[in-house]
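Asks: Sharing query16.txt here; it has compact mmCIF, N, CA and C atoms.
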```txt
# COMPACT_ATOMS: atom_id res chain seq x y z
N MET S 1 119.44 107.39 87.74
CA MET S 1 118.55 106.78 88.69
C MET S 1 117.36 106.16 87.95
N THR S 2 116.78 105.16 88.58
CA THR S 2 115.65 104.45 87.98
C THR S 2 114.39 104.78 88.75
N ASP S 3 113.31 104.08 88.44
CA ASP S 3 112.06 104.24 89.20
C ASP S 3 112.34 103.94 90.67
N ASP S 4 111.44 104.43 91.52
CA ASP S 4 111.62 104.26 92.95
C ASP S 4 111.32 102.83 93.40
N ALA S 5 112.17 102.36 94.26
CA ALA S 5 111.91 101.14 95.02
C ALA S 5 111.24 101.62 96.30
N TYR S 6 110.84 100.69 97.15
CA TYR S 6 110.22 101.09 98.42
C TYR S 6 110.87 100.36 99.57
N LEU S 7 111.20 101.13 100.60
CA LEU S 7 111.54 100.58 101.90
C LEU S 7 110.23 100.45 102.65
N PHE S 8 110.09 99.41 103.45
CA PHE S 8 108.91 99.33 104.32
C PHE S 8 109.25 98.52 105.55
N LEU S 9 108.44 98.71 106.57
CA LEU S 9 108.63 98.00 107.83
C LEU S 9 107.59 96.88 107.91
N ALA S 10 108.06 95.66 107.83
CA ALA S 10 107.16 94.51 107.83
C ALA S 10 106.49 94.31 109.17
N ASP S 11 107.08 94.81 110.24
CA ASP S 11 106.50 94.57 111.56
C ASP S 11 105.44 95.58 111.96
N THR S 12 105.07 96.51 111.07
CA THR S 12 104.04 97.49 111.42
C THR S 12 102.63 97.00 111.11
N VAL S 13 102.53 95.85 110.46
CA VAL S 13 101.22 95.27 110.14
C VAL S 13 101.18 93.86 110.71
N PRO S 14 100.38 93.62 111.75
CA PRO S 14 100.32 92.28 112.35
C PRO S 14 99.96 91.22 111.31
N GLY S 15 100.68 90.10 111.37
CA GLY S 15 100.39 88.97 110.48
C GLY S 15 100.86 89.17 109.06
N SER S 16 101.67 90.22 108.81
CA SER S 16 102.09 90.48 107.43
C SER S 16 103.21 89.57 106.99
N GLY S 17 103.82 88.85 107.91
CA GLY S 17 104.91 87.97 107.54
C GLY S 17 106.12 88.79 107.12
N LEU S 18 106.96 88.20 106.36
CA LEU S 18 108.18 88.87 105.97
C LEU S 18 108.29 88.95 104.45
N LEU S 19 107.39 89.69 103.84
CA LEU S 19 107.46 89.90 102.41
C LEU S 19 108.58 90.88 102.09
N GLY S 20 108.98 90.91 100.84
CA GLY S 20 110.05 91.80 100.45
C GLY S 20 111.40 91.19 100.81
N THR S 21 112.44 91.94 100.56
CA THR S 21 113.80 91.47 100.80
C THR S 21 114.41 92.24 101.96
N PRO S 22 115.02 91.55 102.91
CA PRO S 22 115.69 92.27 103.99
C PRO S 22 116.77 93.19 103.41
N VAL S 23 116.80 94.42 103.85
CA VAL S 23 117.78 95.38 103.35
C VAL S 23 119.20 94.86 103.61
N SER S 24 119.37 94.13 104.67
CA SER S 24 120.70 93.61 105.02
C SER S 24 121.26 92.67 103.95
N LEU S 25 120.41 92.10 103.09
CA LEU S 25 120.88 91.20 102.03
C LEU S 25 121.31 91.93 100.75
N THR S 26 121.05 93.22 100.67
CA THR S 26 121.27 93.94 99.42
C THR S 26 122.63 94.59 99.30
N GLY S 27 123.39 94.62 100.36
CA GLY S 27 124.64 95.37 100.34
C GLY S 27 124.35 96.84 100.58
N GLU S 28 125.37 97.64 100.55
CA GLU S 28 125.22 99.07 100.84
C GLU S 28 124.39 99.77 99.76
N LEU S 29 123.35 100.47 100.19
CA LEU S 29 122.52 101.27 99.29
C LEU S 29 122.74 102.73 99.63
N GLU S 30 123.03 103.52 98.60
CA GLU S 30 123.30 104.94 98.79
C GLU S 30 122.16 105.67 99.50
N CYS S 31 120.93 105.29 99.18
CA CYS S 31 119.77 105.98 99.75
C CYS S 31 119.71 105.88 101.27
N LEU S 32 120.34 104.85 101.84
CA LEU S 32 120.29 104.67 103.29
C LEU S 32 121.05 105.77 104.04
N GLN S 33 121.90 106.50 103.32
CA GLN S 33 122.68 107.57 103.94
C GLN S 33 122.04 108.94 103.75
N THR S 34 120.92 109.01 103.04
CA THR S 34 120.29 110.31 102.81
C THR S 34 119.59 110.79 104.07
N PRO S 35 119.50 112.11 104.25
CA PRO S 35 118.81 112.64 105.43
C PRO S 35 117.35 112.17 105.53
N ALA S 36 116.67 112.05 104.39
CA ALA S 36 115.26 111.65 104.41
C ALA S 36 115.10 110.22 104.95
N VAL S 37 115.92 109.31 104.46
CA VAL S 37 115.82 107.92 104.92
C VAL S 37 116.26 107.80 106.37
N ARG S 38 117.34 108.48 106.74
CA ARG S 38 117.81 108.41 108.12
C ARG S 38 116.75 108.96 109.08
N ALA S 39 116.08 110.06 108.68
CA ALA S 39 115.01 110.63 109.52
C ALA S 39 113.84 109.67 109.62
N TRP S 40 113.48 109.01 108.52
CA TRP S 40 112.38 108.05 108.50
C TRP S 40 112.69 106.87 109.43
N LEU S 41 113.93 106.36 109.34
CA LEU S 41 114.32 105.26 110.21
C LEU S 41 114.31 105.69 111.67
N ASP S 42 114.83 106.87 111.94
CA ASP S 42 114.83 107.39 113.32
C ASP S 42 113.40 107.55 113.83
N ALA S 43 112.52 108.06 112.99
CA ALA S 43 111.12 108.26 113.40
C ALA S 43 110.45 106.94 113.78
N HIS S 44 110.92 105.85 113.17
CA HIS S 44 110.34 104.54 113.45
C HIS S 44 111.21 103.73 114.41
N GLN S 45 112.19 104.41 115.00
CA GLN S 45 113.08 103.79 115.98
C GLN S 45 113.67 102.48 115.50
N THR S 46 114.22 102.52 114.29
CA THR S 46 114.85 101.35 113.70
C THR S 46 116.09 101.79 112.94
N ASP S 47 116.79 100.83 112.38
CA ASP S 47 117.95 101.15 111.55
C ASP S 47 118.06 100.16 110.40
N ALA S 48 119.06 100.35 109.57
CA ALA S 48 119.19 99.54 108.35
C ALA S 48 119.49 98.08 108.63
N THR S 49 119.89 97.73 109.83
CA THR S 49 120.19 96.34 110.15
C THR S 49 118.98 95.57 110.67
N SER S 50 117.86 96.25 110.87
CA SER S 50 116.67 95.60 111.41
C SER S 50 116.12 94.56 110.44
N PRO S 51 115.79 93.36 110.93
CA PRO S 51 115.20 92.35 110.05
C PRO S 51 113.80 92.75 109.55
N ALA S 52 113.17 93.71 110.21
CA ALA S 52 111.85 94.17 109.78
C ALA S 52 111.93 95.15 108.61
N LEU S 53 113.11 95.75 108.38
CA LEU S 53 113.26 96.70 107.28
C LEU S 53 113.42 95.92 105.98
N ARG S 54 112.46 96.10 105.09
CA ARG S 54 112.42 95.38 103.82
C ARG S 54 112.45 96.35 102.66
N ILE S 55 112.81 95.84 101.50
CA ILE S 55 112.83 96.65 100.29
C ILE S 55 112.26 95.82 99.14
N VAL S 56 111.55 96.50 98.26
CA VAL S 56 111.04 95.85 97.05
C VAL S 56 111.36 96.74 95.86
N PRO S 57 111.66 96.12 94.71
CA PRO S 57 111.86 96.90 93.50
C PRO S 57 110.52 97.45 93.02
N PRO S 58 110.54 98.40 92.10
CA PRO S 58 109.29 99.04 91.66
C PRO S 58 108.22 98.05 91.19
N GLU S 59 108.61 96.98 90.54
CA GLU S 59 107.63 96.04 89.99
C GLU S 59 107.00 95.14 91.05
N GLN S 60 107.48 95.20 92.29
CA GLN S 60 106.94 94.35 93.34
C GLN S 60 106.27 95.14 94.47
N THR S 61 105.88 96.37 94.20
CA THR S 61 105.26 97.17 95.26
C THR S 61 103.95 96.56 95.76
N GLY S 62 103.34 95.70 94.97
CA GLY S 62 102.12 95.01 95.40
C GLY S 62 102.37 94.06 96.55
N MET S 63 103.63 93.73 96.83
CA MET S 63 103.97 92.84 97.95
C MET S 63 103.93 93.57 99.28
N ILE S 64 103.90 94.90 99.26
CA ILE S 64 103.91 95.65 100.51
C ILE S 64 102.55 95.52 101.17
N PRO S 65 102.52 95.04 102.41
CA PRO S 65 101.23 94.86 103.09
C PRO S 65 100.50 96.19 103.26
N ASP S 66 99.19 96.16 103.14
CA ASP S 66 98.39 97.35 103.38
C ASP S 66 98.65 97.84 104.79
N GLY S 67 98.84 99.13 104.94
CA GLY S 67 99.06 99.72 106.24
C GLY S 67 100.50 99.72 106.71
N ALA S 68 101.40 99.10 105.95
CA ALA S 68 102.80 99.09 106.35
C ALA S 68 103.40 100.48 106.16
N GLU S 69 104.26 100.87 107.08
CA GLU S 69 105.00 102.12 106.93
C GLU S 69 105.93 101.95 105.75
N ARG S 70 105.88 102.87 104.78
CA ARG S 70 106.68 102.73 103.56
C ARG S 70 107.29 104.05 103.15
N LEU S 71 108.38 103.95 102.38
CA LEU S 71 109.08 105.14 101.91
C LEU S 71 109.66 104.85 100.53
N PRO S 72 109.31 105.66 99.52
CA PRO S 72 109.93 105.48 98.20
C PRO S 72 111.40 105.91 98.25
N VAL S 73 112.26 105.13 97.61
CA VAL S 73 113.69 105.47 97.57
C VAL S 73 114.21 105.27 96.15
N PRO S 74 114.98 106.24 95.66
CA PRO S 74 115.58 106.08 94.34
C PRO S 74 116.81 105.18 94.44
N LEU S 75 116.97 104.30 93.46
CA LEU S 75 118.14 103.43 93.41
C LEU S 75 118.83 103.60 92.07
N SER S 76 120.13 103.44 92.05
CA SER S 76 120.85 103.42 90.78
C SER S 76 120.52 102.09 90.09
N GLY S 77 120.84 101.98 88.83
CA GLY S 77 120.59 100.73 88.10
C GLY S 77 121.30 99.55 88.74
N GLU S 78 122.53 99.76 89.18
CA GLU S 78 123.30 98.69 89.81
C GLU S 78 122.68 98.29 91.15
N GLU S 79 122.23 99.27 91.93
CA GLU S 79 121.59 98.97 93.21
C GLU S 79 120.28 98.22 93.00
N LEU S 80 119.53 98.63 92.01
CA LEU S 80 118.26 97.96 91.71
C LEU S 80 118.49 96.49 91.36
N GLU S 81 119.51 96.22 90.57
CA GLU S 81 119.83 94.83 90.23
C GLU S 81 120.24 94.04 91.47
N ARG S 82 120.97 94.66 92.38
CA ARG S 82 121.34 93.96 93.63
C ARG S 82 120.11 93.65 94.46
N VAL S 83 119.17 94.58 94.50
CA VAL S 83 117.92 94.34 95.25
C VAL S 83 117.17 93.16 94.62
N ARG S 84 117.09 93.15 93.30
CA ARG S 84 116.39 92.05 92.62
C ARG S 84 117.09 90.72 92.86
N ARG S 85 118.41 90.69 92.74
CA ARG S 85 119.16 89.44 92.96
C ARG S 85 119.02 88.97 94.40
N ALA S 86 119.09 89.90 95.35
CA ALA S 86 118.94 89.52 96.76
C ALA S 86 117.57 88.91 97.00
N GLY S 87 116.54 89.48 96.39
CA GLY S 87 115.19 88.93 96.53
C GLY S 87 115.08 87.56 95.92
N ASP S 88 115.80 87.34 94.83
CA ASP S 88 115.76 86.04 94.18
C ASP S 88 116.49 84.97 94.98
N THR S 89 117.42 85.38 95.84
CA THR S 89 118.18 84.39 96.61
C THR S 89 117.57 84.14 97.98
N ASP S 90 116.59 84.94 98.38
CA ASP S 90 115.92 84.73 99.67
C ASP S 90 114.85 83.66 99.44
N PRO S 91 115.08 82.41 99.89
CA PRO S 91 114.16 81.33 99.56
C PRO S 91 112.73 81.56 100.03
N VAL S 92 112.56 82.17 101.17
CA VAL S 92 111.21 82.41 101.66
C VAL S 92 110.52 83.45 100.78
N ALA S 93 111.23 84.52 100.41
CA ALA S 93 110.64 85.56 99.56
C ALA S 93 110.25 84.99 98.19
N VAL S 94 111.09 84.13 97.65
CA VAL S 94 110.80 83.53 96.35
C VAL S 94 109.54 82.67 96.44
N VAL S 95 109.46 81.83 97.46
CA VAL S 95 108.30 80.94 97.61
C VAL S 95 107.04 81.75 97.90
N GLU S 96 107.17 82.81 98.70
CA GLU S 96 105.99 83.63 98.99
C GLU S 96 105.47 84.29 97.72
N GLN S 97 106.37 84.72 96.84
CA GLN S 97 105.93 85.30 95.56
C GLN S 97 105.21 84.24 94.72
N GLU S 98 105.72 83.01 94.73
CA GLU S 98 105.06 81.93 94.01
C GLU S 98 103.67 81.65 94.59
N LEU S 99 103.56 81.70 95.91
CA LEU S 99 102.26 81.47 96.55
C LEU S 99 101.26 82.55 96.16
N LEU S 100 101.72 83.79 96.08
CA LEU S 100 100.84 84.87 95.63
C LEU S 100 100.36 84.61 94.20
N SER S 101 101.25 84.14 93.36
CA SER S 101 100.90 83.85 91.97
C SER S 101 99.98 82.64 91.86
N TYR S 102 100.07 81.73 92.82
CA TYR S 102 99.29 80.49 92.79
C TYR S 102 97.79 80.75 92.83
N ARG S 103 97.38 81.86 93.42
CA ARG S 103 95.94 82.16 93.52
C ARG S 103 95.24 82.05 92.17
N ASP S 104 95.97 82.27 91.10
CA ASP S 104 95.39 82.25 89.76
C ASP S 104 95.52 80.90 89.07
N SER S 105 96.05 79.89 89.73
CA SER S 105 96.28 78.62 89.06
C SER S 105 96.19 77.46 90.05
N GLU S 106 95.78 76.33 89.57
CA GLU S 106 95.75 75.12 90.38
C GLU S 106 96.91 74.19 90.01
N GLU S 107 97.60 74.50 88.93
CA GLU S 107 98.67 73.64 88.43
C GLU S 107 99.84 73.59 89.41
N GLY S 108 100.29 72.40 89.75
CA GLY S 108 101.44 72.22 90.63
C GLY S 108 101.17 72.54 92.09
N ARG S 109 99.92 72.49 92.49
CA ARG S 109 99.51 72.88 93.83
C ARG S 109 100.27 72.13 94.92
N ASP S 110 100.27 70.81 94.88
CA ASP S 110 100.90 70.03 95.94
C ASP S 110 102.40 70.27 96.01
N ALA S 111 103.04 70.34 94.87
CA ALA S 111 104.49 70.58 94.85
C ALA S 111 104.81 71.94 95.45
N LEU S 112 104.02 72.95 95.13
CA LEU S 112 104.26 74.28 95.66
C LEU S 112 104.03 74.33 97.17
N LEU S 113 102.99 73.66 97.65
CA LEU S 113 102.73 73.64 99.09
C LEU S 113 103.88 72.96 99.83
N HIS S 114 104.37 71.85 99.29
CA HIS S 114 105.51 71.17 99.91
C HIS S 114 106.75 72.05 99.88
N LYS S 115 106.97 72.72 98.76
CA LYS S 115 108.13 73.61 98.63
C LYS S 115 108.07 74.73 99.66
N ALA S 116 106.89 75.30 99.84
CA ALA S 116 106.73 76.38 100.81
C ALA S 116 107.01 75.90 102.22
N LEU S 117 106.49 74.76 102.59
CA LEU S 117 106.73 74.20 103.92
C LEU S 117 108.22 73.89 104.11
N ALA S 118 108.85 73.33 103.09
CA ALA S 118 110.27 72.99 103.17
C ALA S 118 111.14 74.24 103.29
N ALA S 119 110.70 75.34 102.68
CA ALA S 119 111.45 76.60 102.75
C ALA S 119 111.29 77.29 104.10
N GLY S 120 110.35 76.81 104.90
CA GLY S 120 110.15 77.39 106.22
C GLY S 120 109.03 78.42 106.30
N VAL S 121 108.19 78.48 105.27
CA VAL S 121 107.06 79.40 105.32
C VAL S 121 106.02 78.80 106.27
N PRO S 122 105.61 79.56 107.30
CA PRO S 122 104.62 79.03 108.25
C PRO S 122 103.29 78.70 107.56
N ALA S 123 102.62 77.69 108.07
CA ALA S 123 101.36 77.24 107.47
C ALA S 123 100.34 78.36 107.36
N HIS S 124 100.21 79.20 108.40
CA HIS S 124 99.22 80.29 108.32
C HIS S 124 99.57 81.27 107.20
N ARG S 125 100.85 81.43 106.94
CA ARG S 125 101.28 82.35 105.86
C ARG S 125 100.98 81.73 104.49
N ILE S 126 101.16 80.44 104.37
CA ILE S 126 100.84 79.74 103.11
C ILE S 126 99.36 79.90 102.80
N VAL S 127 98.53 79.71 103.80
CA VAL S 127 97.08 79.85 103.62
C VAL S 127 96.73 81.27 103.21
N GLU S 128 97.34 82.24 103.89
CA GLU S 128 97.08 83.66 103.60
C GLU S 128 97.48 84.03 102.17
N LEU S 129 98.64 83.57 101.73
CA LEU S 129 99.14 83.94 100.40
C LEU S 129 98.46 83.18 99.27
N SER S 130 98.23 81.90 99.47
CA SER S 130 97.72 81.07 98.38
C SER S 130 96.21 80.96 98.34
N GLY S 131 95.56 81.18 99.49
CA GLY S 131 94.12 81.05 99.54
C GLY S 131 93.63 79.62 99.65
N VAL S 132 94.55 78.67 99.92
CA VAL S 132 94.13 77.27 100.05
C VAL S 132 93.43 77.05 101.38
N ASP S 133 92.64 76.02 101.43
CA ASP S 133 91.97 75.61 102.67
C ASP S 133 93.04 75.05 103.61
N PRO S 134 93.12 75.52 104.84
CA PRO S 134 94.16 75.05 105.77
C PRO S 134 94.15 73.54 105.99
N THR S 135 92.98 72.93 105.84
CA THR S 135 92.93 71.47 106.06
C THR S 135 93.55 70.68 104.92
N THR S 136 93.85 71.35 103.79
CA THR S 136 94.46 70.65 102.66
C THR S 136 95.98 70.73 102.66
N LEU S 137 96.56 71.43 103.64
CA LEU S 137 98.02 71.54 103.70
C LEU S 137 98.62 70.20 104.11
N PRO S 138 99.74 69.84 103.49
CA PRO S 138 100.44 68.62 103.94
C PRO S 138 100.93 68.83 105.36
N THR S 139 101.11 67.75 106.11
CA THR S 139 101.53 67.87 107.50
C THR S 139 103.03 67.96 107.66
N ALA S 140 103.79 67.50 106.70
CA ALA S 140 105.25 67.56 106.81
C ALA S 140 105.83 67.81 105.43
N PRO S 141 106.89 68.60 105.36
CA PRO S 141 107.51 68.86 104.06
C PRO S 141 108.19 67.62 103.51
N ARG S 142 108.17 67.53 102.17
CA ARG S 142 108.87 66.45 101.50
C ARG S 142 110.32 66.86 101.26
N ALA S 143 111.21 65.92 101.24
CA ALA S 143 112.62 66.23 100.97
C ALA S 143 112.86 66.38 99.50
```
Could you express the structure from this file as structure tokens?

Replies:
Amino acid sequence: MTDDAYLFLADTVPGSGLLGTPVSLTGELECLQTPAVRAWLDAHQTDATSPALRIVPPEQTGMIPDGAERLPVPLSGEELERVRRAGDTDPVAVVEQELLSYRDSEEGRDALLHKALAAGVPAHRIVELSGVDPTTLPTAPRA
């Protein structure tokens, strides 16, 4: 087993958007069958198919919104790689991670804003993640 990943419920924090990777994109994870995870899901009246149930690998725990219900889960090396690959293929999650990184740089600003809009990231979420002035957002995504 490797370091713990985290399950969290994205819908427990208003305006948190959909950070992390939907568990449904990762394939079967052994931890989802453990009594602890099943009890946690039951306590929150949800299940593994819920779009609000998200997972992040250990290196991305900073993506979990403050106040979100969360649970550390151990993953095998193979499961951890599937979680990482699933996160890399979720276009909104990838762009949101780029927007978080953008706060430290002005390079490629317009291209990133267009990319985020084209990926379907809502304007309010782009502003929240990147820190840009809402009036500077383009009005329509570029192809």

Asks: Rounded to one decimal in Å, what is the spacing between atom C of Pro57 (chain S) and CA of Arg84 (chain S)?

Replies: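 These atoms are spaced 8.0 Å apart.
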
Asks: Please indicate the distance in Å from CA of Ala48 (chain S) to CA of Gly120 (chain S), rounded to one decimal place.

Replies: 24.0 Å

Asks: Which distance in Å separates CA of Leu9 (chain S) and CA of Leu117 (chain S), to one decimal?

Replies: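 Going from CA of Leu9 (chain S) over to CA of Leu117 (chain S), I get 24.2 Å.
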
Asks: Would you pick out the contacts of Asp4 (chain S) at 6.5 Å or less, using all atoms listed in the file, so that residues sharing its chain but fewer than 4 positions from it are not included, and give the list as a ChimeraX atom specification?

Replies: /S:57-58,72-75

Asks: Kindly save the residues from that selection, with N, CA and C atoms included, as a PDB file, keeping the file's coordinate frame.

Replies:
```pdb
ATOM      1  N   PRO S  57     111.660  96.120  94.710  1.00  0.00           N
ATOM      2  CA  PRO S  57     111.860  96.900  93.500  1.00  0.00           C
ATOM      3  C   PRO S  57     110.520  97.450  93.020  1.00  0.00           C
ATOM      4  N   PRO S  58     110.540  98.400  92.100  1.00  0.00           N
ATOM      5  CA  PRO S  58     109.290  99.040  91.660  1.00  0.00           C
ATOM      6  C   PRO S  58     108.220  98.050  91.190  1.00  0.00           C
ATOM      7  N   PRO S  72     109.310 105.660  99.520  1.00  0.00           N
ATOM      8  CA  PRO S  72     109.930 105.480  98.200  1.00  0.00           C
ATOM      9  C   PRO S  72     111.400 105.910  98.250  1.00  0.00           C
ATOM     10  N   VAL S  73     112.260 105.130  97.610  1.00  0.00           N
ATOM     11  CA  VAL S  73     113.690 105.470  97.570  1.00  0.00           C
ATOM     12  C   VAL S  73     114.210 105.270  96.150  1.00  0.00           C
ATOM     13  N   PRO S  74     114.980 106.240  95.660  1.00  0.00           N
ATOM     14  CA  PRO S  74     115.580 106.080  94.340  1.00  0.00           C
ATOM     15  C   PRO S  74     116.810 105.180  94.440  1.00  0.00           C
ATOM     16  N   LEU S  75     116.970 104.300  93.460  1.00  0.00           N
ATOM     17  CA  LEU S  75     118.140 103.430  93.410  1.00  0.00           C
ATOM     18  C   LEU S  75     118.830 103.600  92.070  1.00  0.00           C
TER      19      LEU S  75
END
```

Asks: Set the distance at 8 Å and use only N, CA and C atoms: which residues neighbour Ile126 (chain S) once local chain neighbours fewer than 5 positions away are removed? I'd like the list as a PDB file with N, CA and C atoms, in the coordinates of the input.

Replies:
```
ATOM      1  N   GLU S  96     107.170  82.810  98.700  1.00  0.00           N
ATOM      2  CA  GLU S  96     105.990  83.630  98.990  1.00  0.00           C
ATOM      3  C   GLU S  96     105.470  84.290  97.720  1.00  0.00           C
ATOM      4  N   LEU S  99     103.560  81.700  95.910  1.00  0.00           N
ATOM      5  CA  LEU S  99     102.260  81.470  96.550  1.00  0.00           C
ATOM      6  C   LEU S  99     101.260  82.550  96.160  1.00  0.00           C
ATOM      7  N   LEU S 113     102.990  73.660  97.650  1.00  0.00           N
ATOM      8  CA  LEU S 113     102.730  73.640  99.090  1.00  0.00           C
ATOM      9  C   LEU S 113     103.880  72.960  99.830  1.00  0.00           C
ATOM     10  N   ALA S 116     106.890  75.300  99.840  1.00  0.00           N
ATOM     11  CA  ALA S 116     106.730  76.380 100.810  1.00  0.00           C
ATOM     12  C   ALA S 116     107.010  75.900 102.220  1.00  0.00           C
ATOM     13  N   LEU S 117     106.490  74.760 102.590  1.00  0.00           N
ATOM     14  CA  LEU S 117     106.730  74.200 103.920  1.00  0.00           C
ATOM     15  C   LEU S 117     108.220  73.890 104.110  1.00  0.00           C
ATOM     16  N   VAL S 121     108.190  78.480 105.270  1.00  0.00           N
ATOM     17  CA  VAL S 121     107.060  79.400 105.320  1.00  0.00           C
ATOM     18  C   VAL S 121     106.020  78.800 106.270  1.00  0.00           C
ATOM     19  N   GLY S 131      95.560  81.180  99.490  1.00  0.00           N
ATOM     20  CA  GLY S 131      94.120  81.050  99.540  1.00  0.00           C
ATOM     21  C   GLY S 131      93.630  79.620  99.650  1.00  0.00           C
ATOM     22  N   VAL S 132      94.550  78.670  99.920  1.00  0.00           N
ATOM     23  CA  VAL S 132      94.130  77.270 100.050  1.00  0.00           C
ATOM     24  C   VAL S 132      93.430  77.050 101.380  1.00  0.00           C
ATOM     25  N   ASP S 133      92.640  76.020 101.430  1.00  0.00           N
ATOM     26  CA  ASP S 133      91.970  75.610 102.670  1.00  0.00           C
ATOM     27  C   ASP S 133      93.040  75.050 103.610  1.00  0.00           C
ATOM     28  N   PRO S 134      93.120  75.520 104.840  1.00  0.00           N
ATOM     29  CA  PRO S 134      94.160  75.050 105.770  1.00  0.00           C
ATOM     30  C   PRO S 134      94.150  73.540 105.990  1.00  0.00           C
TER      31      PRO S 134
END
```

Asks: If we count only C-alpha atoms, what is near region 33-39 of chain S at a cut-off of 10 Å, once residues fewer than 5 positions away on the same chain are taken out, given as a list of chain:residue names?

Replies: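 That gives S:Leu7, S:Glu28, S:His44, S:Gln45, S:Thr46, S:Asp47, S:Ala48, S:Leu71, S:Pro72, S:Val73.
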
Asks: Please list as an MDAnalysis selection string every residue within 12 Å of Thr49 (chain S), counting only C-alpha atoms and excluding residues in the same chain fewer than 2 positions away.

Replies: chainID S and resid 9 22:28 32 41 45:47 51:54

Asks: Keeping N, CA and C atoms, export the residues of the selection given above as a short mmCIF file (atom, residue, chain, number, x, y, z; two decimals), in the frame of the given file.

Replies:
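Once everything was written out, this is result.cif:
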```cif
data_model
loop_
_atom_site.label_atom_id
_atom_site.label_comp_id
_atom_site.auth_asym_id
_atom_site.auth_seq_id
_atom_site.Cartn_x
_atom_site.Cartn_y
_atom_site.Cartn_z
N LEU S 9 108.44 98.71 106.57
CA LEU S 9 108.63 98.00 107.83
C LEU S 9 107.59 96.88 107.91
N PRO S 22 115.02 91.55 102.91
CA PRO S 22 115.69 92.27 103.99
C PRO S 22 116.77 93.19 103.41
N VAL S 23 116.80 94.42 103.85
CA VAL S 23 117.78 95.38 103.35
C VAL S 23 119.20 94.86 103.61
N SER S 24 119.37 94.13 104.67
CA SER S 24 120.70 93.61 105.02
C SER S 24 121.26 92.67 103.95
N LEU S 25 120.41 92.10 103.09
CA LEU S 25 120.88 91.20 102.03
C LEU S 25 121.31 91.93 100.75
N THR S 26 121.05 93.22 100.67
CA THR S 26 121.27 93.94 99.42
C THR S 26 122.63 94.59 99.30
N GLY S 27 123.39 94.62 100.36
CA GLY S 27 124.64 95.37 100.34
C GLY S 27 124.35 96.84 100.58
N GLU S 28 125.37 97.64 100.55
CA GLU S 28 125.22 99.07 100.84
C GLU S 28 124.39 99.77 99.76
N LEU S 32 120.34 104.85 101.84
CA LEU S 32 120.29 104.67 103.29
C LEU S 32 121.05 105.77 104.04
N LEU S 41 113.93 106.36 109.34
CA LEU S 41 114.32 105.26 110.21
C LEU S 41 114.31 105.69 111.67
N GLN S 45 112.19 104.41 115.00
CA GLN S 45 113.08 103.79 115.98
C GLN S 45 113.67 102.48 115.50
N THR S 46 114.22 102.52 114.29
CA THR S 46 114.85 101.35 113.70
C THR S 46 116.09 101.79 112.94
N ASP S 47 116.79 100.83 112.38
CA ASP S 47 117.95 101.15 111.55
C ASP S 47 118.06 100.16 110.40
N PRO S 51 115.79 93.36 110.93
CA PRO S 51 115.20 92.35 110.05
C PRO S 51 113.80 92.75 109.55
N ALA S 52 113.17 93.71 110.21
CA ALA S 52 111.85 94.17 109.78
C ALA S 52 111.93 95.15 108.61
N LEU S 53 113.11 95.75 108.38
CA LEU S 53 113.26 96.70 107.28
C LEU S 53 113.42 95.92 105.98
N ARG S 54 112.46 96.10 105.09
CA ARG S 54 112.42 95.38 103.82
C ARG S 54 112.45 96.35 102.66
#
```

Asks: S:Ala10, S:Glu81, S:Ala123, S:Ala5: which is nearest Pro65 (chain S), counting all atoms listed in the file?

Replies: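 Ranked by minimum distance to Pro65 (chain S), first place goes to S:Ala10.
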
Asks: Residues of region 8-52 of chain S classed as helix (DSSP H, G or I) by DSSP on the backbone are to be reported as a list in words.

Replies: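 Taking region 8-52 of chain S and keeping helix (DSSP H, G or I) gives Ala10, Asp11, Thr12, Val23, Ser24, Leu25, Glu30, Cys31, Leu32, Gln33, Pro35, Ala36, Val37, Arg38, Ala39, Trp40, Leu41, Asp42 and Ala43 of chain S.
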
Asks: Return the single residue from S:Leu137, S:Ile64, S:Leu129, S:Ile55 that is closest to Glu79 (chain S), with distances computed using only C-alpha atoms.

Replies: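 With only C-alpha atoms as the atom set, the closest residue is S:Ile55.
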